[in-house]
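Colleague: Contents of entry.txt (compact mmCIF, C-alpha atoms):
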# COMPACT_ATOMS: atom_id res chain seq x y z
CA MET C 1 99.57 117.17 98.13
CA ARG C 2 98.93 113.70 96.78
CA LEU C 3 102.11 111.75 96.15
CA ARG C 4 102.77 110.96 92.53
CA LEU C 5 105.30 108.43 91.35
CA LEU C 6 107.89 109.37 88.75
CA LEU C 7 108.46 106.27 86.69
CA THR C 8 111.71 105.70 84.84
CA PRO C 9 111.70 103.32 81.84
CA LEU C 10 113.72 100.15 82.41
CA LEU C 11 116.46 99.12 79.98
CA PHE C 12 116.73 95.42 79.21
CA VAL C 13 120.14 94.22 78.10
CA VAL C 14 119.70 90.48 77.59
CA LEU C 15 116.25 90.53 76.01
CA PRO C 16 115.49 93.65 73.98
CA ALA C 17 112.05 94.91 74.87
CA ALA C 18 110.31 98.23 75.17
CA ALA C 19 109.39 99.22 78.70
CA GLN C 20 105.73 99.74 79.45
CA GLU C 21 105.31 103.22 80.83
CA LEU C 22 102.37 104.11 83.03
CA ARG C 23 99.88 105.98 80.86
CA ILE C 24 96.54 106.80 82.45
CA PRO C 25 93.85 107.35 79.78
CA PRO C 26 91.75 110.51 79.99
CA VAL C 27 88.06 110.17 80.88
CA ASP C 28 84.99 111.94 79.54
CA TYR C 29 82.52 111.93 82.40
CA PRO C 30 78.88 111.45 81.35
CA VAL C 31 76.09 113.77 82.44
CA LEU C 32 73.63 111.77 84.51
CA PRO C 33 69.88 111.84 83.81
CA ALA C 34 67.90 114.50 85.66
CA HIS C 35 65.26 111.97 86.74
CA ALA C 36 65.02 108.21 87.19
CA ALA C 37 62.44 105.82 88.56
CA LYS C 38 65.07 103.79 90.41
CA ALA C 39 68.79 103.74 91.13
CA GLU C 40 69.71 101.80 88.00
CA GLY C 41 68.29 104.61 85.89
CA PHE C 42 71.21 106.85 86.86
CA VAL C 43 73.87 104.34 85.81
CA PRO C 44 75.43 105.26 82.43
CA SER C 45 76.41 102.62 79.92
CA GLY C 46 79.82 101.23 80.82
CA TRP C 47 79.48 102.07 84.53
CA ARG C 48 78.29 100.10 87.57
CA ILE C 49 77.13 100.84 91.11
CA ASP C 50 80.06 100.60 93.55
CA GLN C 51 78.04 101.64 96.61
CA GLN C 52 74.38 102.46 97.17
CA LEU C 53 72.63 103.83 100.25
CA ARG C 54 69.44 105.65 101.18
CA GLY C 55 68.58 108.21 103.84
CA ASP C 56 66.92 111.59 104.29
CA LEU C 57 69.38 114.33 103.32
CA ASN C 58 67.06 117.31 102.76
CA GLY C 59 64.69 116.99 105.71
CA ASP C 60 61.53 115.98 103.83
CA ARG C 61 61.31 112.57 105.55
CA ARG C 62 61.88 110.68 102.33
CA ASP C 63 64.86 108.38 101.83
CA ASP C 64 67.08 110.04 99.26
CA LEU C 65 69.52 108.10 97.11
CA VAL C 66 73.33 108.18 97.21
CA LEU C 67 75.32 106.28 94.61
CA VAL C 68 79.01 105.77 94.00
CA LEU C 69 79.38 104.80 90.35
CA ARG C 70 82.51 103.32 88.79
CA GLN C 71 83.44 103.10 85.16
CA GLN C 72 84.09 99.63 83.71
CA ASP C 73 86.50 100.24 80.83
CA ALA C 74 89.27 97.73 80.13
CA ARG C 75 91.42 100.54 78.70
CA ASN C 76 91.67 102.02 82.21
CA ILE C 77 93.30 98.86 83.56
CA VAL C 78 96.91 99.71 82.86
CA GLU C 79 99.96 97.46 82.93
CA HIS C 80 103.43 98.97 83.39
CA ASP C 81 107.02 98.03 84.25
CA GLY C 82 107.43 100.54 87.06
CA PHE C 83 107.20 100.10 90.81
CA GLY C 84 103.91 99.35 92.49
CA ILE C 85 100.58 97.85 91.48
CA SER C 86 100.38 96.40 87.97
CA PRO C 87 97.96 96.13 86.35
CA LEU C 88 96.54 99.29 87.87
CA ASP C 89 92.77 99.72 87.76
CA SER C 90 92.37 103.45 87.13
CA ASN C 91 88.65 103.32 86.38
CA PRO C 92 87.26 106.49 87.99
CA ARG C 93 84.28 106.93 90.30
CA MET C 94 81.42 109.40 90.45
CA LEU C 95 79.32 110.40 93.42
CA ALA C 96 75.62 110.93 92.64
CA ILE C 97 72.91 112.20 95.00
CA ALA C 98 69.22 112.18 94.11
CA TRP C 99 66.16 113.43 95.97
CA ALA C 100 63.33 110.99 96.57
CA THR C 101 60.02 112.03 94.97
CA PRO C 102 56.63 110.30 94.65
CA ALA C 103 57.57 109.43 91.06
CA GLY C 104 61.11 108.22 91.72
CA TYR C 105 64.27 110.31 92.08
CA THR C 106 65.52 113.72 90.92
CA LEU C 107 69.26 114.27 90.56
CA ALA C 108 70.57 116.76 93.15
CA ALA C 109 74.31 116.56 92.51
CA GLN C 110 76.99 114.60 90.71
CA ASN C 111 80.70 114.87 91.44
CA HIS C 112 83.76 113.10 90.06
CA THR C 113 86.55 114.92 91.89
CA LEU C 114 86.08 114.22 95.62
CA ILE C 115 86.84 110.49 95.33
CA THR C 116 90.34 110.52 93.92
CA ARG C 117 90.97 108.44 90.83
CA HIS C 118 93.56 105.70 91.40
CA GLU C 119 96.41 106.86 89.18
CA ALA C 120 99.60 106.20 91.21
CA PRO C 121 100.62 102.53 91.58
CA ASN C 122 102.54 103.21 94.81
CA LEU C 123 99.35 104.47 96.51
CA SER C 124 96.31 102.59 97.75
CA ASP C 125 92.87 103.02 96.23
CA VAL C 126 91.45 105.72 98.51
CA PHE C 127 87.88 104.41 98.24
CA GLU C 128 88.33 100.68 98.05
CA ASP C 129 90.51 100.59 101.18
CA GLY C 130 88.54 103.23 103.10
CA ASP C 131 85.18 103.52 104.83
CA GLY C 132 83.40 104.84 101.73
CA VAL C 133 80.25 106.94 101.91
CA SER C 134 77.71 107.02 104.74
CA ILE C 135 74.65 108.99 105.84
CA VAL C 136 74.95 110.14 109.45
CA GLY C 137 72.25 112.22 111.12
CA GLY C 138 71.02 113.69 107.84
CA THR C 139 74.53 114.51 106.64
CA LEU C 140 76.62 112.90 103.90
CA ARG C 141 80.06 111.67 104.94
CA THR C 142 82.82 110.48 102.62
CA THR C 143 85.99 108.93 104.07
CA LEU C 144 89.14 108.38 102.02
CA PHE C 145 92.07 106.19 103.09
CA PHE C 146 95.71 106.94 102.26
CA PHE C 147 98.58 104.48 102.22
CA SER C 148 101.84 104.56 100.29
CA ASN C 149 104.08 101.55 99.79
CA ALA C 150 106.93 103.80 98.61
CA GLY C 151 107.94 107.43 99.03
CA SER C 152 106.23 108.09 102.38
CA TRP C 153 105.85 106.51 105.81
CA SER C 154 102.57 108.31 106.37
CA THR C 155 99.21 106.55 106.41
CA GLY C 156 95.82 107.88 107.42
CA SER C 157 92.38 109.02 106.38
CA ALA C 158 90.33 112.13 105.65
CA SER C 159 86.59 112.49 106.21
CA TYR C 160 84.33 115.10 104.63
CA THR C 161 80.90 115.79 106.12
CA PHE C 162 78.36 117.67 104.00
CA ARG C 163 74.93 119.06 104.86
CA TRP C 164 72.34 120.27 102.36
CA GLN C 165 71.83 123.97 103.05
CA ASN C 166 71.33 127.12 101.00
CA GLY C 167 70.91 125.07 97.84
CA ALA C 168 74.22 123.21 98.05
CA PHE C 169 76.00 120.43 99.90
CA ALA C 170 78.04 122.55 102.31
CA LEU C 171 81.14 121.18 104.00
CA ILE C 172 80.39 121.35 107.73
CA GLY C 173 83.12 119.06 109.01
CA TYR C 174 86.61 117.96 108.01
CA ASP C 175 88.62 115.35 109.93
CA ARG C 176 92.09 114.14 109.06
CA ASP C 177 94.18 111.55 110.90
CA SER C 178 97.69 110.38 110.05
CA MET C 179 100.37 108.12 111.49
CA MET C 180 104.03 107.73 110.63
CA ARG C 181 104.67 104.02 110.30
CA ASN C 182 108.39 104.35 111.06
CA SER C 183 108.09 106.43 114.25
CA GLY C 184 104.54 105.83 115.45
CA GLN C 185 103.89 109.57 115.65
CA THR C 186 100.26 110.58 115.13
CA GLU C 187 98.54 113.80 114.08
CA SER C 188 94.89 114.70 113.78
CA LEU C 189 93.00 117.73 112.57
CA SER C 190 89.30 118.36 113.09
CA ILE C 191 87.42 121.39 111.77
CA ASN C 192 83.83 122.26 112.64
CA TYR C 193 82.76 124.78 110.02
CA SER C 194 79.57 125.59 111.91
CA THR C 195 81.40 126.75 115.04
CA ARG C 196 84.65 127.70 113.21
CA ARG C 197 86.62 125.73 115.81
CA VAL C 198 89.76 123.82 114.85
CA ARG C 199 91.32 121.05 116.93
CA HIS C 200 94.93 119.96 116.43
CA ALA C 201 96.33 116.92 118.23
CA GLU C 202 99.76 115.28 118.20
CA GLY C 203 100.76 112.07 119.92
CA SER C 204 102.14 108.57 119.56
CA ILE C 205 100.74 105.07 119.25
CA GLU C 206 102.77 104.26 122.37
CA SER C 207 100.85 106.71 124.54
CA ASP C 208 97.25 107.71 125.20
CA GLN C 209 98.31 111.27 125.95
CA ASP C 210 97.94 113.72 123.07
CA THR C 211 99.08 117.30 122.91
CA VAL C 212 95.99 119.27 121.92
CA ARG C 213 95.61 122.86 120.85
CA TRP C 214 92.56 124.78 119.66
CA GLU C 215 92.17 127.71 117.34
CA THR C 216 89.43 129.62 115.58
CA LEU C 217 89.21 129.33 111.82
CA THR C 218 89.87 132.83 110.52
CA SER C 219 89.28 132.25 106.81
CA PRO C 220 85.77 133.26 105.70
CA ARG C 221 85.88 130.66 102.94
CA ARG C 222 82.90 128.31 102.79
CA TRP C 223 83.42 125.01 101.01
CA THR C 224 80.89 122.89 99.15
CA LEU C 225 80.98 119.47 97.52
CA GLU C 226 81.87 121.14 94.23
CA THR C 227 84.59 123.48 95.51
CA VAL C 228 86.49 120.96 97.68
CA GLY C 229 87.92 119.40 94.53
CA ASP C 230 90.21 116.37 94.77
CA GLY C 231 89.74 114.78 98.18
CA SER C 232 93.42 113.81 98.34
CA ASP C 233 94.68 117.33 97.66
CA PHE C 234 92.29 119.38 99.79
CA ASP C 235 93.90 122.08 101.94
CA PRO C 236 91.32 123.49 104.38
CA PHE C 237 93.53 126.51 105.06
CA ALA C 238 94.17 127.47 101.44
CA PRO C 239 93.26 131.04 100.49
CA ALA C 240 90.25 131.35 98.22
CA GLN C 241 92.35 132.35 95.22
CA ASP C 242 94.32 129.08 95.44
CA ARG C 243 91.28 126.84 94.86
I need this file expressed as structure tokens, please.
Modeller:
Amino acid sequence: MRLRLLLTPLLFVVLPAAAQELRIPPVDYPVLPAHAAKAEGFVPSGWRIDQQLRGDLNGDRRDDLVLVLRQQDARNIVEHDGFGISPLDSNPRMLAIAWATPAGYTLAAQNHTLITRHEAPNLSDVFEDGDGVSIVGGTLRTTLFFFSNAGSWSTGSASYTFRWQNGAFALIGYDRDSMMRNSGQTESLSINYSTRRVRHAEGSIESDQDTVRWETLTSPRRWTLETVGDGSDFDPFAPAQDR
């Protein structure tokens, strides 16, 4: 579960002043156009392209379009008197995927939950400090980075690999790595949803020897880009009714 910081207002004795509490504004996410001649045509007013890449994702030998869009609203840059980053840029991101056509591009999917919005000042920006989005062998991979400067010694990353199949971007691979900065202990989890095989590994940065165990994924649940939800909160073993 993503760490959230509980901020306590500060009391000033010498100079009377009201503490600035962390208040993250809500966001109304725009619906992207169904078609556009070029990448810029999918960018709503008040947003910009954070990352752009092209590659064949549906097997038709055309280079499809993947965009990470980020809102540019000064109201989402929040100052506060609590611990951590201030001002905090909480402008959210959207992931957009569009099929290449002879006339331009047709929107295939848009998602604003996988790339976690930066709302906690004690946590890193999962996208800015991570490896971002990539196209690997016809699949779409998104990697998020996690670091906390208070409340946890754990740091690591999570990668989601999606393949277009059966009319949706299906999650075919999930990889999570973490390290405890105080002890050097490491853990990794790798799930291949095609083979249903799960690899667990535990070790230490002081040794190349990991303790590895394998198991078979018993849950019949199939995940997609839309059902994964928040990339920081994803539990690959959660029962279907919990998601």
Colleague: Suppose you want the space between atom CA of C:Ser219 and atom CA of C:Ala238; what is it in Å?
Modeller: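 So the two atoms, atom CA of C:Ser219 and atom CA of C:Ala238, lie 8.7 Å apart.
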Colleague: Pick out the closest residue to C:Ser148 from this set: C:Thr224, C:Asn122, C:Thr101, C:Ser134. Count all atoms listed in the file.
Modeller: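 Answer, going by the shortest atom-to-atom distance: C:Asn122.
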Colleague: With a distance cut-off of 9 Å and all atoms listed in the file, select the neighbouring residues of stretch 56-58 of chain C, excluding the residue or stretch itself and same-chain residues fewer than 4 positions from it, and output the selection as a PyMOL selection string.
Modeller: chain C and resi 62-65+99-100+135+137-140+163-165
Colleague: Using all atoms listed in the file for the distances, tell me which of C:Glu21, C:Asp175, C:Asp230, C:Glu128 is nearest to C:Phe83.
Modeller: C:Glu21
Colleague: Please, what distance in Å, to one decimal, runs between atom CA of C:Ser86 and atom CA of C:Gly46?
Modeller: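 Atom CA of C:Gly46 lies at a distance of 22.3 Å from atom CA of C:Ser86.
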Colleague: For atom CA of C:Asn76 and atom CA of C:Ile24, determine how far apart the two atoms are, in Å to one decimal place.
Modeller: 6.8 Å
Colleague: I'd like to know which of C:Thr161, C:Thr142, C:Ser232, C:Gln51 is closest to C:Val68, using only C-alpha atoms.
Modeller: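 Looking only at the distances to C:Val68, the closest residue turns out to be C:Gln51.
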Colleague: Go through C:Gln209, C:Ser45, C:Ser154, C:Asn166 and flag the residue nearest C:Asn182, using only C-alpha atoms for the distances.
Modeller: C:Ser154
Colleague: List as number ranges by chain the protein and nucleic acid residues near C:Phe145, meaning an atom at most 12 Å away when all atoms listed in the file are counted, but skip any in the same chain fewer than 2 places from it.
Modeller: C: 2, 115-116, 118, 123-133, 142-143, 147-148, 154-160, 175-179, 231-232
Colleague: Taking (92.2, 120.7, 123.0) in the file's own coordinates, collect the residues within 10 Å, counting all atoms listed in the file, and hand them back as JSON, numbers by chain.
Modeller: {"C": [198, 199, 200, 201, 210, 211, 212, 213, 214, 215]}
Colleague: Box for stretch 106-113 of chain C - axis-aligned, 6 Å on each of the six sides, all listed atoms - centre and size in Å to one decimal, as AutoDock Vina command-line options.
Modeller:
--center_x 76.0 --center_y 114.9 --center_z 91.6 --size_x 33.0 --size_y 15.7 --size_z 15.1
Colleague: Given the choices C:Pro236, C:Arg54, C:Arg23, C:Ala34, which gets closest to C:Thr106 if the distance is worked out from all atoms listed in the file?
Modeller: C:Ala34
Colleague: Could you name the residues that touch C:Pro26 at 12 Å or less, counting only C-alpha atoms, but leaving out those on the same chain fewer than 4 positions away, as a list in words?
Modeller: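 Listed by chain and then number, they are Asp73, Arg75, Asn76, Ser90, Asn91, Pro92, Arg117 and Glu119 of chain C.
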Colleague: Can you write out the residues you just picked, keeping C-alpha atoms, as a short mmCIF file (atom, residue, chain, number, x, y, z; two decimals), keeping the file's coordinate frame?
Modeller:
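Listing of again-v8.cif after writing:
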data_model
loop_
_atom_site.label_atom_id
_atom_site.label_comp_id
_atom_site.auth_asym_id
_atom_site.auth_seq_id
_atom_site.Cartn_x
_atom_site.Cartn_y
_atom_site.Cartn_z
CA ASP C 73 86.50 100.24 80.83
CA ARG C 75 91.42 100.54 78.70
CA ASN C 76 91.67 102.02 82.21
CA SER C 90 92.37 103.45 87.13
CA ASN C 91 88.65 103.32 86.38
CA PRO C 92 87.26 106.49 87.99
CA ARG C 117 90.97 108.44 90.83
CA GLU C 119 96.41 106.86 89.18
#
Colleague: Counting all atoms listed in the file, which residue out of C:Asp235, C:Glu40, C:Asp208, C:Glu79 sits closest to C:Tyr105?
Modeller: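 Distance minimum relative to C:Tyr105 lands on C:Glu40.
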